[in-house]
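Next comes structure-v1.pdb, with PDB, C-alpha atoms.
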```
ATOM      1  CA  MET A  26      46.862 -14.637 -68.521
ATOM      2  CA  GLY A  27      46.951 -11.350 -66.751
ATOM      3  CA  LYS A  28      49.914  -9.956 -64.964
ATOM      4  CA  GLN A  29      49.993 -10.946 -61.291
ATOM      5  CA  SER A  30      51.146  -8.671 -58.519
ATOM      6  CA  LYS A  31      54.140  -9.751 -56.498
ATOM      7  CA  ARG A  32      52.592  -8.382 -53.319
ATOM      8  CA  ARG A  33      50.896 -10.892 -51.110
ATOM      9  CA  SER A  34      47.377 -10.164 -50.043
ATOM     10  CA  ARG A  35      47.141 -10.030 -46.294
ATOM     11  CA  PRO A  36      44.378 -11.893 -44.516
ATOM     12  CA  ARG A  37      41.567  -9.659 -43.361
ATOM     13  CA  HIS A  38      41.447 -10.730 -39.732
ATOM     14  CA  ARG A  39      44.222 -11.850 -37.455
ATOM     15  CA  GLY A  40      44.405 -13.255 -33.988
ATOM     16  CA  ALA A  41      41.874 -14.992 -31.794
ATOM     17  CA  GLN A  42      38.864 -13.262 -33.334
ATOM     18  CA  ALA A  43      39.746 -14.497 -36.828
ATOM     19  CA  ARG A  44      40.326 -18.022 -35.562
ATOM     20  CA  ALA A  45      37.006 -17.897 -33.700
ATOM     21  CA  ASN A  46      35.248 -16.844 -36.885
ATOM     22  CA  ALA A  47      36.933 -19.560 -38.937
ATOM     23  CA  ASP A  48      36.838 -22.473 -36.505
ATOM     24  CA  LEU A  49      33.708 -23.574 -34.661
ATOM     25  CA  ASP A  50      35.599 -25.164 -31.744
ATOM     26  CA  THR A  51      37.594 -21.971 -31.167
ATOM     27  CA  HIS A  52      34.384 -19.924 -31.286
ATOM     28  CA  ILE A  53      32.745 -22.238 -28.754
ATOM     29  CA  ALA A  54      35.785 -21.892 -26.475
ATOM     30  CA  SER A  55      35.733 -18.089 -26.858
ATOM     31  CA  LEU A  56      32.208 -18.151 -25.414
ATOM     32  CA  GLY A  57      33.416 -20.167 -22.422
ATOM     33  CA  LEU A  58      31.611 -23.335 -23.503
ATOM     34  CA  LYS A  59      32.963 -26.844 -24.025
ATOM     35  CA  THR A  60      30.722 -28.846 -26.333
ATOM     36  CA  VAL A  61      28.623 -28.273 -29.422
ATOM     37  CA  GLY A  62      25.493 -29.234 -27.459
ATOM     38  CA  GLU A  63      26.246 -26.604 -24.794
ATOM     39  CA  TYR A  64      26.813 -24.070 -27.583
ATOM     40  CA  GLN A  65      23.478 -24.820 -29.242
ATOM     41  CA  ARG A  66      21.653 -24.603 -25.883
ATOM     42  CA  TRP A  67      23.415 -21.318 -25.080
ATOM     43  CA  CYS A  68      22.462 -19.921 -28.493
ATOM     44  CA  ARG A  69      18.789 -20.813 -28.033
ATOM     45  CA  ASP A  70      18.786 -19.396 -24.470
ATOM     46  CA  HIS A  71      20.206 -16.105 -25.751
ATOM     47  CA  GLY A  72      17.869 -15.777 -28.737
ATOM     48  CA  PHE A  73      20.292 -16.919 -31.440
ATOM     49  CA  THR A  74      19.752 -19.702 -33.924
ATOM     50  CA  GLY A  75      21.166 -23.083 -32.971
ATOM     51  CA  ALA A  76      22.738 -23.603 -36.402
ATOM     52  CA  LEU A  77      26.446 -24.364 -36.483
ATOM     53  CA  THR A  78      27.267 -22.578 -39.729
ATOM     54  CA  LYS A  79      27.233 -18.826 -39.136
ATOM     55  CA  ASP A  80      29.009 -15.865 -40.594
ATOM     56  CA  TRP A  81      31.410 -13.597 -38.729
ATOM     57  CA  ARG A  82      28.697 -11.015 -37.887
ATOM     58  CA  GLU A  83      26.545 -13.570 -36.070
ATOM     59  CA  ARG A  84      29.545 -14.920 -34.189
ATOM     60  CA  ARG A  85      30.561 -11.397 -33.165
ATOM     61  CA  GLN A  86      27.042 -10.811 -31.811
ATOM     62  CA  GLU A  87      27.328 -14.038 -29.831
ATOM     63  CA  ARG A  88      30.691 -12.987 -28.357
ATOM     64  CA  ASP A  89      29.217  -9.591 -27.428
ATOM     65  CA  ALA A  90      26.311 -11.326 -25.657
ATOM     66  CA  ALA A  91      28.774 -13.554 -23.764
ATOM     67  CA  SER A  92      30.783 -10.521 -22.622
ATOM     68  CA  ARG A  93      27.558  -8.811 -21.473
ATOM     69  CA  ASP A  94      26.734 -11.936 -19.455
ATOM     70  CA  ALA A  95      30.171 -11.852 -17.833
ATOM     71  CA  ILE A  96      29.776  -8.174 -16.940
ATOM     72  CA  ALA A  97      26.314  -8.833 -15.486
ATOM     73  CA  GLY A  98      27.751 -11.661 -13.357
ATOM     74  CA  ASP A  99      30.485  -9.364 -12.024
ATOM     75  CA  THR A 100      27.894  -6.687 -11.264
ATOM     76  CA  GLU A 101      25.765  -9.187  -9.334
ATOM     77  CA  ALA A 102      28.782 -10.317  -7.304
ATOM     78  CA  SER A 103      29.733  -6.728  -6.442
ATOM     79  CA  LEU A 104      26.113  -6.004  -5.445
ATOM     80  CA  GLN A 105      26.095  -8.981  -3.062
ATOM     81  CA  GLN A 106      29.413  -7.835  -1.608
ATOM     82  CA  HIS A 107      27.986  -4.336  -1.067
ATOM     83  CA  ILE A 108      24.862  -5.752   0.597
ATOM     84  CA  THR A 109      26.968  -7.789   3.032
ATOM     85  CA  LYS A 110      29.121  -4.723   3.790
ATOM     86  CA  LEU A 111      25.955  -2.981   4.906
ATOM     87  CA  GLY A 112      25.047  -5.980   7.071
ATOM     88  CA  LEU A 113      21.888  -6.819   5.147
ATOM     89  CA  ALA A 114      20.527 -10.198   4.077
ATOM     90  CA  ASP A 115      19.304  -9.783   0.505
ATOM     91  CA  THR A 116      18.342  -7.336  -2.238
ATOM     92  CA  SER A 117      14.839  -6.680  -0.900
ATOM     93  CA  ALA A 118      16.276  -5.766   2.527
ATOM     94  CA  TYR A 119      18.798  -3.541   0.718
ATOM     95  CA  GLN A 120      16.034  -1.742  -1.176
ATOM     96  CA  GLN A 121      14.057  -1.239   2.049
ATOM     97  CA  TRP A 122      17.210   0.104   3.736
ATOM     98  CA  CYS A 123      17.687   2.572   0.873
ATOM     99  CA  ARG A 124      14.070   3.770   1.006
ATOM    100  CA  ALA A 125      14.228   4.249   4.787
ATOM    101  CA  ARG A 126      17.261   6.520   4.348
ATOM    102  CA  ASP A 127      15.917   8.468   1.341
ATOM    103  CA  GLN A 128      18.358   6.804  -1.051
ATOM    104  CA  ILE A 129      17.602   5.524  -4.530
ATOM    105  CA  ASP A 130      16.532   1.878  -4.266
ATOM    106  CA  ALA A 131      17.918   0.832  -7.660
ATOM    107  CA  LEU A 132      20.266  -2.147  -7.586
ATOM    108  CA  HIS A 133      22.792  -0.986 -10.179
ATOM    109  CA  LYS A 134      24.745   1.950  -8.762
ATOM    110  CA  GLY A 135      28.194   3.356  -9.258
ATOM    111  CA  THR A 136      31.104   2.942  -6.874
ATOM    112  CA  ARG A 137      30.779   6.510  -5.595
ATOM    113  CA  GLN A 138      27.135   6.003  -4.609
ATOM    114  CA  ARG A 139      27.944   2.681  -2.936
ATOM    115  CA  ARG A 140      30.758   4.321  -0.957
ATOM    116  CA  LYS A 141      28.309   7.006   0.184
ATOM    117  CA  GLU A 142      25.896   4.320   1.351
ATOM    118  CA  VAL A 143      28.623   2.531   3.336
ATOM    119  CA  GLU A 144      29.564   5.854   4.964
ATOM    120  CA  LEU A 145      25.903   6.498   5.761
ATOM    121  CA  ALA A 146      25.660   3.071   7.424
ATOM    122  CA  ARG A 147      28.808   3.764   9.491
ATOM    123  CA  GLU A 148      27.510   7.153  10.578
ATOM    124  CA  SER A 149      24.175   5.632  11.543
ATOM    125  CA  ALA A 150      25.868   2.885  13.585
ATOM    126  CA  SER A 151      28.076   5.489  15.281
ATOM    127  CA  ARG A 152      25.072   7.624  16.165
ATOM    128  CA  GLN A 153      23.252   4.632  17.645
ATOM    129  CA  ALA A 154      26.291   3.652  19.738
ATOM    130  CA  LEU A 155      26.626   7.222  20.992
ATOM    131  CA  GLN A 156      22.951   7.277  21.969
ATOM    132  CA  ARG A 157      23.378   4.013  23.926
ATOM    133  CA  VAL A 158      26.355   5.440  25.813
ATOM    134  CA  ARG A 159      24.540   8.688  26.544
ATOM    135  CA  ARG A 160      21.526   6.786  27.824
ATOM    136  CA  LEU A 161      23.736   4.863  30.240
ATOM    137  CA  THR A 162      25.839   7.793  31.442
ATOM    138  CA  ARG A 163      23.241  10.557  31.624
ATOM    139  CA  ARG A 164      21.444   9.300  34.688
ATOM    140  CA  LEU A 165      23.626   6.759  36.444
ATOM    141  CA  HIS A 166      20.950   5.801  38.966
ATOM    142  CA  GLY A 167      19.134   3.552  36.454
ATOM    143  CA  PRO A 168      22.201   1.702  35.141
ATOM    144  CA  ILE A 169      23.574   1.158  38.653
ATOM    145  CA  GLU A 170      20.294  -0.401  39.760
ATOM    146  CA  ALA A 171      20.273  -2.560  36.618
ATOM    147  CA  LEU A 172      23.824  -3.719  37.421
ATOM    148  CA  PHE A 173      22.861  -4.798  40.932
ATOM    149  CA  THR A 174      19.760  -6.614  39.738
ATOM    150  CA  GLY A 175      21.730  -8.303  36.923
ATOM    151  CA  ASP A 176      19.748  -6.766  34.056
ATOM    152  CA  ILE A 177      22.932  -5.466  32.344
ATOM    153  CA  ASP A 178      25.827  -7.664  31.247
ATOM    154  CA  THR A 179      28.998  -6.021  32.576
ATOM    155  CA  ALA A 180      31.331  -7.781  30.105
ATOM    156  CA  ASN A 181      30.101  -5.868  27.052
ATOM    157  CA  LEU A 182      29.217  -2.607  28.746
ATOM    158  CA  LYS A 183      30.145   0.549  26.852
ATOM    159  CA  PRO A 184      31.855   2.839  27.748
ATOM    160  CA  ALA A 185      34.532   0.527  29.120
ATOM    161  CA  TRP A 186      35.122   2.556  32.295
ATOM    162  CA  LEU A 187      31.511   1.999  33.314
ATOM    163  CA  GLY A 188      31.981  -1.768  32.960
ATOM    164  CA  HIS A 189      35.181  -1.750  35.037
ATOM    165  CA  ALA A 190      33.617   0.421  37.713
ATOM    166  CA  SER A 191      30.483  -1.675  37.865
ATOM    167  CA  ARG A 192      32.430  -4.926  38.258
ATOM    168  CA  ALA A 193      34.472  -3.391  41.069
ATOM    169  CA  VAL A 194      31.385  -2.042  42.866
ATOM    170  CA  VAL A 195      29.420  -5.272  42.457
ATOM    171  CA  SER A 196      32.329  -7.415  43.695
ATOM    172  CA  ARG A 197      32.805  -5.193  46.791
ATOM    173  CA  TRP A 198      29.097  -5.243  47.502
ATOM    174  CA  MET A 199      29.113  -9.039  47.210
ATOM    175  CA  GLU A 200      32.077  -9.224  49.623
ATOM    176  CA  ALA A 201      30.305  -6.928  52.056
ATOM    177  CA  GLU A 202      27.149  -8.995  51.905
ATOM    178  CA  GLY A 203      29.100 -12.243  52.177
ATOM    179  CA  ILE A 204      27.884 -13.616  48.850
ATOM    180  CA  ARG A 205      30.198 -15.954  46.969
ATOM    181  CA  ARG A 206      30.494 -15.750  43.208
ATOM    182  CA  GLY A 207      28.721 -18.583  41.454
ATOM    183  CA  ALA A 208      26.880 -19.633  44.622
ATOM    184  CA  SER A 209      23.134 -19.930  44.326
ATOM    185  CA  THR A 210      20.986 -17.985  46.760
TER
END
```

Let me see whether you can do it: turn the structure in this file into structure tokens.
Amino acid sequence: MGKQSKRRSRPRHRGAQARANADLDTHIASLGLKTVGEYQRWCRDHGFTGALTKDWRERRQERDAASRDAIAGDTEASLQQHITKLGLADTSAYQQWCRARDQIDALHKGTRQRRKEVELARESASRQALQRVRRLTRRLHGPIEALFTGDIDTANLKPAWLGHASRAVVSRWMEAEGIRRGAST
């Protein structure tokens, strides 16, 4: 017999990856699945063979596919969150919004681009609010007539001073005319 070395040979792989390669149940759990049937279905859905005996390379490819799926799920969730931040309903409305503002209509964008889009939406909303205020305050004759005829709701009137002034003027006019609040004419 030949002379044996006193050094122990170390196992090639250690940790969860080695256990997942050696044990089918551990590999199934590493993919986030519970049963052998779920594992075989998942394999077929992802283009892998449904066989249970596989080498470490095939199992590594399966774990890589599972991590890609998890990343894609996170990306989809962040896209939906971004769409709701912009006040839009779905991805097609988001793409239309992007095209209308000369932005790229791709769905997968970086955080910097998404921040720019949120800023663009805020600026646009600010500009629209400013235009509404300017329309009301530029020529006061029209808004005052609309207040007396009841075409404008004084509770949500912007700027706030115009709402306060209009309520005061309308209430004094009603007192002068002898009209009670809530009374039908």

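What the PyMOL selection byres ((chain A and resi 131) around 12) matches in the given file is Leu104, Thr116, Ser117, Tyr119, Gln120, Gln121, Trp122, Cys123, Arg124, Asp127, Gln128, Ile129, Asp130, Leu132, His133, Lys134, Gly135, Gln138 and Arg139 of chain A.
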
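Nearest residue to His107 of chain A among A:Arg192, A:Lys141, A:His166, A:His52 is A:Lys141, counting all atoms listed in the file.
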
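Take atom CA of Arg88 of chain A and atom CA of Ala102 of chain A: the distance between them is 21.3 Å.
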